[in-house]
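structure.txt follows (compact mmCIF, C-alpha atoms):
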```txt
# COMPACT_ATOMS: atom_id res chain seq x y z
CA MET A 1 69.72 91.99 91.90
CA ARG A 2 68.46 91.52 88.35
CA ALA A 3 67.42 95.16 88.34
CA ARG A 4 71.10 96.01 88.84
CA ASP A 5 70.56 97.65 92.20
CA LYS A 6 74.04 99.14 92.55
CA ALA A 7 73.60 100.07 96.22
CA ALA A 8 72.59 96.53 97.15
CA VAL A 9 75.38 94.95 95.12
CA SER A 10 77.99 97.27 96.60
CA ALA A 11 76.78 96.79 100.18
CA LEU A 12 76.55 93.01 99.87
CA ARG A 13 79.96 92.62 98.25
CA ALA A 14 81.65 94.73 100.92
CA THR A 15 79.81 92.91 103.70
CA LEU A 16 80.73 89.49 102.31
CA ALA A 17 84.36 90.61 102.25
CA ALA A 18 84.08 91.83 105.86
CA LEU A 19 82.59 88.47 106.89
CA ASP A 20 85.39 86.67 105.07
CA ASN A 21 87.96 88.80 106.91
CA ALA A 22 86.26 88.14 110.25
CA GLU A 23 86.57 84.39 109.67
CA ALA A 24 90.27 84.59 108.83
CA VAL A 25 92.71 82.86 111.14
CA PRO A 26 94.72 85.34 113.19
CA VAL A 27 98.45 84.99 112.60
CA ALA A 28 100.78 85.92 115.42
CA GLU A 29 103.86 87.92 114.48
CA THR A 30 106.09 85.25 116.01
CA GLU A 31 104.61 82.65 113.65
CA LEU A 32 105.70 84.76 110.70
CA ARG A 33 109.34 84.69 111.79
CA GLY A 34 109.41 81.33 113.57
CA LEU A 35 111.04 78.75 111.33
CA ALA A 36 114.08 78.59 109.13
CA LEU A 37 113.43 77.69 105.52
CA GLU A 38 114.68 74.13 105.95
CA GLN A 39 112.30 73.63 108.91
CA SER A 40 109.22 74.94 107.15
CA PRO A 41 106.38 72.53 106.36
CA VAL A 42 106.24 71.24 102.80
CA GLY A 43 103.66 69.61 100.64
CA ALA A 44 100.19 70.43 99.40
CA GLY A 45 98.08 71.95 102.15
CA ALA A 46 100.90 71.95 104.71
CA THR A 47 100.33 75.58 105.54
CA GLU A 48 96.53 75.53 105.43
CA ALA A 49 94.65 76.40 108.61
CA VAL A 50 91.02 75.89 109.52
CA ARG A 51 89.13 79.16 109.32
CA ARG A 52 87.08 80.42 112.23
CA GLU A 53 83.35 79.99 112.00
CA LEU A 54 81.29 82.97 113.08
CA SER A 55 78.23 82.40 115.19
CA GLU A 56 74.94 83.89 114.08
CA ARG A 57 75.51 86.69 116.58
CA GLY A 58 78.97 87.29 115.09
CA VAL A 59 77.52 87.58 111.59
CA VAL A 60 74.84 89.99 112.82
CA ASP A 61 77.52 92.09 114.55
CA VAL A 62 79.60 92.32 111.36
CA VAL A 63 76.57 93.29 109.23
CA ARG A 64 75.48 95.85 111.81
CA ALA A 65 79.01 97.31 111.94
CA GLU A 66 79.04 97.63 108.14
CA ALA A 67 75.68 99.46 108.19
CA THR A 68 76.82 101.73 111.02
CA GLU A 69 80.04 102.52 109.17
CA ARG A 70 78.06 103.64 106.13
CA LEU A 71 75.68 105.77 108.16
CA GLU A 72 78.56 107.47 109.97
CA ALA A 73 80.36 108.15 106.69
CA ALA A 74 77.16 109.60 105.20
CA ALA A 75 76.79 111.87 108.22
CA GLN A 76 80.30 113.22 107.62
CA LEU A 77 79.48 114.18 104.02
CA THR A 78 77.65 117.45 104.63
CA ALA A 79 78.79 119.43 101.59
CA PRO A 80 76.23 119.70 98.78
CA ALA A 81 78.82 118.33 96.36
CA HIS A 82 78.78 115.04 98.27
CA ALA A 83 75.00 114.64 98.46
CA ASP A 84 74.96 111.81 95.90
CA ARG A 85 77.65 109.85 97.75
CA ALA A 86 75.88 110.35 101.09
CA ALA A 87 72.59 109.16 99.59
CA ARG A 88 74.29 106.07 98.16
CA LEU A 89 75.85 105.26 101.55
CA ARG A 90 72.45 105.62 103.25
CA ALA A 91 70.89 103.34 100.62
CA GLU A 92 73.61 100.72 101.22
CA ALA A 93 73.03 100.92 104.97
CA ALA A 94 69.29 100.49 104.42
CA VAL A 95 69.93 97.31 102.41
CA LEU A 96 72.01 95.85 105.21
CA LEU A 97 69.56 96.88 107.92
CA ARG A 98 66.74 95.20 105.99
CA PHE A 99 68.60 91.91 106.38
CA LEU A 100 68.88 92.47 110.12
CA ASP A 101 65.26 93.54 110.56
CA GLY A 102 63.85 90.63 108.56
CA PRO A 103 62.31 87.46 110.03
CA GLY A 104 64.58 85.12 111.94
CA THR A 105 67.10 87.71 113.11
CA VAL A 106 68.88 87.49 116.42
```

Please render this file's structure as structure tokens.
Amino acid sequence: MRARDKAAVSALRATLAALDNAEAVPVAETELRGLALEQSPVGAGATEAVRRELSERGVVDVVRAEATERLEAAAQLTAPAHADRAARLRAEAAVLLRFLDGPGTV
């Protein structure tokens, strides 16, 4: 990262955001409209919910989906004007796949 590898930084930031989204607590539509204002919980942390914890397999699935998404997007960019963008997407996918192919993967 010290070498300012833009592809790695971009891929890792986006993947961390995807992992964060995958751990978010799903909110049902009925919960959004359930209570009147006077019945709503009050106080610090009253509306906090415990986030889901992804298993190792879940993390691997999210990382693999991010890599696949980049490879598919790169395959769609066939025009010569988009060659740089396609190369950057392939480089980002390679960074993510290196994490999956390393030691200790599922």

Can you tell me how far CA of Ser10 in chain A sits from CA of Glu72 in chain A, in Å to one decimal?
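So the two atoms, CA of Ser10 in chain A and CA of Glu72 in chain A, lie 16.8 Å apart.
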
Have a look at A:Leu96, A:Ala8, A:Gly102, A:Ala14 and name the one nearest to Arg64 in chain A; count all atoms listed in the file.
A:Leu96

Rounded to one decimal, what separation in Å do you get between CA of Asp84 in chain A and CA of Thr68 in chain A?
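Going from CA of Asp84 in chain A over to CA of Thr68 in chain A, I get 18.3 Å.
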
Every residue with an atom at most 8 Å from (81.2, 91.1, 108.2) (file coordinates; all atoms listed in the file) is what I'm after, so could you write them as a list in words?
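Returned residue set, sorted by chain then number, is Thr15, Leu16, Ala17, Ala18, Leu19, Asp20, Asn21, Ala22, Val59, Val60, Asp61, Val62, Val63, Ala65 and Glu66 of chain A.
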
If I take CA of Pro26 in chain A and CA of Ala67 in chain A, how far is one from the other in Å, to one decimal?
24.2 Å

Could you list, as a PyMOL selection string, every residue within 9 Å of Arg88 in chain A, counting all atoms listed in the file and ignoring same-chain residues fewer than 4 positions away?
chain A and resi 6-7+74+83-84+92-93

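Using only C-alpha atoms, the shortest contact distance between Arg85 in chain A and any of A:Leu71, A:Arg98, A:Val25, A:Glu56 is found at A:Leu71.
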
Taking every listed atom of range 50-66 of chain A and adding 8 Å to each side, what centre and edge lengths in Å (one decimal) does the axis-aligned box have, as AutoDock Vina command-line options?
```
--center_x 82.9 --center_y 86.8 --center_z 112.4 --size_x 32.2 --size_y 37.7 --size_z 24.4
```

Every residue with an atom at most 7 Å from (90.4, 81.2, 108.0) (file coordinates; all atoms listed in the file) is what I'm after, so could you write them as a list of chain:residue names?
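Here is the list of nearby residues: A:Glu23, A:Ala24, A:Val25, A:Ala49, A:Val50, A:Arg51, A:Arg52.
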
Grab the residues selected above and save them as an mmCIF file, keeping the file's coordinate frame with C-alpha atoms.
```
data_model
loop_
_atom_site.group_PDB
_atom_site.id
_atom_site.type_symbol
_atom_site.label_atom_id
_atom_site.label_comp_id
_atom_site.auth_asym_id
_atom_site.auth_seq_id
_atom_site.Cartn_x
_atom_site.Cartn_y
_atom_site.Cartn_z
ATOM 1 C CA GLU A 23 86.570 84.390 109.670
ATOM 2 C CA ALA A 24 90.270 84.590 108.830
ATOM 3 C CA VAL A 25 92.710 82.860 111.140
ATOM 4 C CA ALA A 49 94.650 76.400 108.610
ATOM 5 C CA VAL A 50 91.020 75.890 109.520
ATOM 6 C CA ARG A 51 89.130 79.160 109.320
ATOM 7 C CA ARG A 52 87.080 80.420 112.230
#
```
